[in-house]
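Structure record follows, encoded as structure tokens.
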Amino acid sequence: MNRKLISVVSAAALALSVASGAVLAAEKKTLLKVPVYFGTHLTGLGSTPKWLADHLNVASGGSVKIKVYEPGKLIPPKEILESVASGKVNAGYTTPGYNTGVLGAKGGIFSAVPFGPDAPEFLAWIYYGEGRKLWQEMYDKKGLNVHSIPCGITAPETSGWFNKPIDKPADLQGLRMRFFGLGALVMEKMGVSTSLLPSSEIFPALEKGAIDATEFSMPAIDKLLGFHKILKFNYYPGWHQPATVYELLVNGDTWKGMGETQQGLLEMSCKAAMLDGLALGEAIQFPQMKENLQKNGVENRYWSPEILDAFEGKWNEVVAEESAKDPEFKAIWDNMQSFRSDYAIWNKWAFLPRPGTVREQ
């Protein structure tokens with residue numbers, strides 16, 4: 001690149017920077033007080049909103065800031081959606097799968113789908129299919145005054161910690177288990193009694209014998225909750241959560257009161273947070289899996305084809321039942337499945353089999 005061209009490019013970049021700064025300076029400063037569902041000490045899960053705040057607060061030059069509040073410090077985590085909608089708080093960080101009591105089971109589709117899309121395919125549907133539009137419409141149709149921004153994603157979770165081997169579907173009968181989202185509906189059909197305990201209550205419940213088993217997240221996150229101290233059989237793959245998506249909710253009036261540049265920065269920062277969270281999550285799991293095996297006496301186990309088939313069969317029953325009960329569930333599900341049927345053309349031809357996924361039984 002010659003000196004003249006370098007000068008032109010540099011001048012253009014400087015002009016753009018100055019112009020953006022001038023626009024931000026002209027917009028009224030916005031402080032988003034963000035209660036979060038997960039503690040920020042949970043690296044790879046709760047750390048994403050903190051990463052978002054740290055980077056947005058610098059990038060915006062103070063025009064739009066985020067202040068993160070740990071679970072329960074401002075409001076109870078279960079109240080985030082309704083509190084943001086009512087204006088009690090102006091933002092919050094959660095996932096629709098924790099709000100199915102308000103949204104219905106369809107909310108779970110925007111969180112994690114059993115036997116559903118992995119992270120790249122999920123993101124493709126959200127951003128370049130109709131996923132994002134349907135996600136926002138779900139809130140609008142419920143009369144909830146929120147603007148939802150996809151703002152975090154994790155790769156597959158482990159699908160359960162148990163105190164004994166699970167060799168056949170009958171071994172699940174009668175177990176009491178902490179379980180999340182649409183996958184919990186599957187486990188109920190398998191004869192498991194499920195409850196959705198918050199992270200802080202899982203270990204005490206295991207210790208007291210109130211539950212027999214649990215799933216929560218990925219190995220590096222589960223380590224922080226100490227499951228390996230009590231349960232020694234950790235099952236894969238994450239059939240119930242091949243990918244899990246999180247959101248930043250902004251009160252609708254707050255969103256409308258923000259300037260276009262502030263809105264754009266927030267949207268762009270959430271996309272960056274998605275990338276960072278996914279990369280971080282992928283990078284920190286294998287050391288913990290090795291530690292579980294070598295130091296903690298944990299057996300990493302893979303579900304048998306028989307049990308995976310049973311899970312999938314029950315999931316198909318759940319879809320049929322929820323679609324019959326809720327036309328909106330059916331419309332969202334059908335839209336995702338239509339996208340996936342087309343994506344399957346690319347998926348079939350483009351990729352090598354993922355190394356390690358062809359298993360000897």
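Letters for chains follow the order of the structure tokens (A, B, ...), residue numbers begin at 1 for each chain, and ligand numbers begin at 1 in the order shown.
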
Inset, instruction - Extract the full set of strand (DSSP E) residues from range 66-248 of chain A according to DSSP on the backbone, and format it as JSON, numbers by chain. - result: {"A": [66, 67, 68, 69, 91, 92, 93, 94, 146, 147, 148, 149, 150, 151, 152, 153, 154, 160, 161, 162, 176, 177, 178, 193, 194, 195, 213, 214, 233, 234, 235, 236, 244, 245, 246, 247, 248]}

Would you output that residue set with N, CA and C atoms, as a CSV table (one decimal), in the first residue's frame?
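The file below, part-v4.csv, is the result:
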chain,number,residue,atom,x,y,z
A,66,ILE,N,-23.0,-1.0,31.5
A,66,ILE,CA,-23.7,-2.1,32.1
A,66,ILE,C,-23.1,-2.2,33.5
A,67,LYS,N,-23.9,-2.4,34.5
A,67,LYS,CA,-23.5,-2.7,35.9
A,67,LYS,C,-24.2,-4.0,36.2
A,68,VAL,N,-23.3,-5.0,36.5
A,68,VAL,CA,-23.8,-6.4,36.7
A,68,VAL,C,-24.1,-6.6,38.2
A,69,TYR,N,-25.2,-7.2,38.5
A,69,TYR,CA,-25.6,-7.5,39.9
A,69,TYR,C,-25.7,-9.0,40.0
A,91,ALA,N,-32.9,-3.9,32.8
A,91,ALA,CA,-32.2,-4.9,32.0
A,91,ALA,C,-32.0,-6.1,32.9
A,92,GLY,N,-31.7,-7.3,32.2
A,92,GLY,CA,-31.4,-8.5,33.0
A,92,GLY,C,-30.8,-9.5,32.0
A,93,TYR,N,-30.1,-10.5,32.6
A,93,TYR,CA,-29.4,-11.5,31.8
A,93,TYR,C,-29.9,-12.9,32.2
A,94,THR,N,-30.5,-13.6,31.3
A,94,THR,CA,-31.2,-14.9,31.6
A,94,THR,C,-31.2,-15.7,30.3
A,146,VAL,N,-40.3,-5.9,26.5
A,146,VAL,CA,-38.8,-6.2,26.6
A,146,VAL,C,-38.3,-6.2,25.1
A,147,HIS,N,-37.0,-5.9,25.0
A,147,HIS,CA,-36.3,-6.1,23.8
A,147,HIS,C,-35.2,-7.1,24.1
A,148,SER,N,-35.3,-8.2,23.4
A,148,SER,CA,-34.4,-9.4,23.6
A,148,SER,C,-33.2,-9.4,22.7
A,149,ILE,N,-32.0,-9.5,23.2
A,149,ILE,CA,-30.8,-9.6,22.4
A,149,ILE,C,-30.1,-10.9,22.7
A,150,PRO,N,-30.0,-11.8,21.7
A,150,PRO,CA,-29.2,-13.0,22.0
A,150,PRO,C,-27.8,-12.6,22.4
A,151,CYS,N,-27.3,-13.2,23.6
A,151,CYS,CA,-26.1,-12.6,24.2
A,151,CYS,C,-25.2,-13.6,24.9
A,152,GLY,N,-25.2,-14.8,24.4
A,152,GLY,CA,-24.3,-15.8,25.0
A,152,GLY,C,-24.7,-17.2,24.4
A,153,ILE,N,-23.7,-18.1,24.3
A,153,ILE,CA,-24.0,-19.4,23.8
A,153,ILE,C,-23.0,-20.4,24.4
A,154,THR,N,-23.4,-21.5,24.8
A,154,THR,CA,-22.4,-22.6,25.2
A,154,THR,C,-22.6,-23.8,24.4
A,160,GLY,N,-25.7,-35.6,32.7
A,160,GLY,CA,-26.1,-36.1,34.0
A,160,GLY,C,-25.0,-36.6,34.8
A,161,TRP,N,-25.0,-36.4,36.1
A,161,TRP,CA,-24.2,-37.0,37.1
A,161,TRP,C,-25.0,-37.9,38.0
A,162,PHE,N,-24.5,-39.2,38.1
A,162,PHE,CA,-25.3,-40.2,38.8
A,162,PHE,C,-24.4,-40.9,39.8
A,176,ARG,N,-34.7,-39.2,41.4
A,176,ARG,CA,-35.0,-37.8,41.6
A,176,ARG,C,-33.8,-37.0,41.1
A,177,MET,N,-34.1,-36.1,40.1
A,177,MET,CA,-33.0,-35.4,39.4
A,177,MET,C,-33.2,-34.0,39.1
A,178,ARG,N,-32.2,-33.2,39.3
A,178,ARG,CA,-32.3,-31.8,38.9
A,178,ARG,C,-32.1,-31.8,37.4
A,193,SER,N,-38.3,-38.1,38.3
A,193,SER,CA,-38.9,-37.0,38.9
A,193,SER,C,-37.9,-35.8,38.9
A,194,THR,N,-38.2,-34.8,38.2
A,194,THR,CA,-37.3,-33.7,38.0
A,194,THR,C,-37.7,-32.4,38.8
A,195,SER,N,-36.6,-31.6,39.1
A,195,SER,CA,-36.8,-30.3,39.7
A,195,SER,C,-35.8,-29.4,39.2
A,213,ALA,N,-29.5,-37.4,41.5
A,213,ALA,CA,-28.7,-37.1,40.4
A,213,ALA,C,-28.9,-35.7,39.9
A,214,THR,N,-28.0,-35.2,39.0
A,214,THR,CA,-28.2,-33.8,38.5
A,214,THR,C,-27.5,-33.7,37.2
A,233,PHE,N,-20.3,-40.9,38.3
A,233,PHE,CA,-20.6,-41.3,36.9
A,233,PHE,C,-21.2,-40.1,36.2
A,234,ASN,N,-20.4,-39.6,35.2
A,234,ASN,CA,-20.8,-38.4,34.4
A,234,ASN,C,-21.1,-38.8,33.0
A,235,TYR,N,-22.3,-38.6,32.6
A,235,TYR,CA,-22.8,-39.1,31.3
A,235,TYR,C,-22.7,-38.0,30.1
A,236,TYR,N,-22.4,-38.5,29.0
A,236,TYR,CA,-22.3,-37.7,27.7
A,236,TYR,C,-23.1,-38.5,26.7
A,244,THR,N,-26.7,-24.1,24.1
A,244,THR,CA,-27.7,-23.3,24.9
A,244,THR,C,-27.4,-21.8,24.7
A,245,VAL,N,-28.5,-21.1,24.5
A,245,VAL,CA,-28.4,-19.7,24.1
A,245,VAL,C,-29.0,-18.9,25.3
A,246,TYR,N,-28.4,-17.7,25.5
A,246,TYR,CA,-28.7,-16.8,26.6
A,246,TYR,C,-29.1,-15.4,26.0
A,247,GLU,N,-29.7,-14.6,26.8
A,247,GLU,CA,-30.2,-13.3,26.3
A,247,GLU,C,-30.0,-12.2,27.3
A,248,LEU,N,-29.7,-11.0,26.7
A,248,LEU,CA,-29.8,-9.8,27.5
A,248,LEU,C,-31.2,-9.2,27.2

Inset, instruction - Extract, using only C-alpha atoms, all DNA, RNA and protein residues at most 10 Å from Pro76 in chain A, discarding same-chain residues fewer than 6 positions from it, and format them as a ChimeraX atom specification. - result: /A:35-37,70,83

Now that the selection is made, can you save its residues with N, CA and C atoms as a short mmCIF file (atom, residue, chain, number, x, y, z; two decimals), in the first residue's frame?
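So the final result, stored in part-v8.cif, reads:
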data_model
loop_
_atom_site.label_atom_id
_atom_site.label_comp_id
_atom_site.auth_asym_id
_atom_site.auth_seq_id
_atom_site.Cartn_x
_atom_site.Cartn_y
_atom_site.Cartn_z
N PRO A 35 -29.25 -7.47 36.60
CA PRO A 35 -29.20 -8.67 37.45
C PRO A 35 -28.99 -9.89 36.56
N VAL A 36 -28.22 -10.85 37.03
CA VAL A 36 -27.89 -12.03 36.22
C VAL A 36 -28.42 -13.29 36.89
N TYR A 37 -28.67 -14.30 36.06
CA TYR A 37 -29.21 -15.56 36.58
C TYR A 37 -28.13 -16.42 37.22
N GLU A 70 -24.97 -9.58 40.99
CA GLU A 70 -24.95 -11.03 41.21
C GLU A 70 -26.36 -11.52 41.57
N SER A 83 -39.59 -8.51 35.93
CA SER A 83 -39.08 -7.24 36.48
C SER A 83 -38.60 -6.31 35.37
#

Inset, instruction - Give the answer as one residue: which of A:Glu328, A:Glu121, A:Glu82, A:Asp54 has the shortest atom-to-atom distance to Ala344 in chain A, using only C-alpha atoms? - result: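 Looking only at the distances to Ala344 in chain A, the closest residue turns out to be A:Glu121.
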
Inset, instruction - Enter the distance from CA of Arg301 in chain A to CA of Leu123 in chain A, in Å, rounded to one decimal. - result: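 Calculated distance between CA of Arg301 in chain A and CA of Leu123 in chain A is 28.5 Å.
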
Inset, instruction - Taking the DSSP assignment computed from this structure's backbone, write out as a count of residues only all residues of range 51-150 of chain A that belong to helix (DSSP H, G or I). - result: 53

Inset, instruction - Choose the residue, out of A:Lys65, A:Lys223, A:His55, A:Lys50, that has the smallest atom-to-atom separation from Met258 in chain A; count only C-alpha atoms. - result: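 Looking only at the distances to Met258 in chain A, the closest residue turns out to be A:Lys65.
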
Inset, instruction - Pick out the residues sitting within 9 Å of range 287-295 of chain A, and hand them over as a PyMOL selection string; count only C-alpha atoms, and ignore anything fewer than 5 positions along from it in its own chain. - result: chain A and resi 219-220+223+228+232+300

Legend entry - Nearest-residue call for Lys106 in chain A, choices A:Ala320, A:Ala310, A:Ala331, A:Leu206, using only C-alpha atoms: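 Closest to Lys106 in chain A, using only C-alpha atoms: A:Ala331.
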
Inset, instruction - For CA of Asn347 in chain A and CA of Gly44 in chain A, determine how far apart the two atoms are, in Å to one decimal place. - result: 27.0 Å

Legend entry - Computed interatomic separation between CA of Glu157 in chain A and CA of Ser217 in chain A (Å):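 Going from CA of Glu157 in chain A over to CA of Ser217 in chain A, I get 5.0 Å.
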
Legend entry - Residues near Phe216 in chain A, cut-off 10 Å, only C-alpha atoms, skip fewer than 2 positions along chain, as a VMD selection string: chain A and resid 157 to 161 178 to 180 196 to 199 202 214 218 to 219 221 to 222 225 227
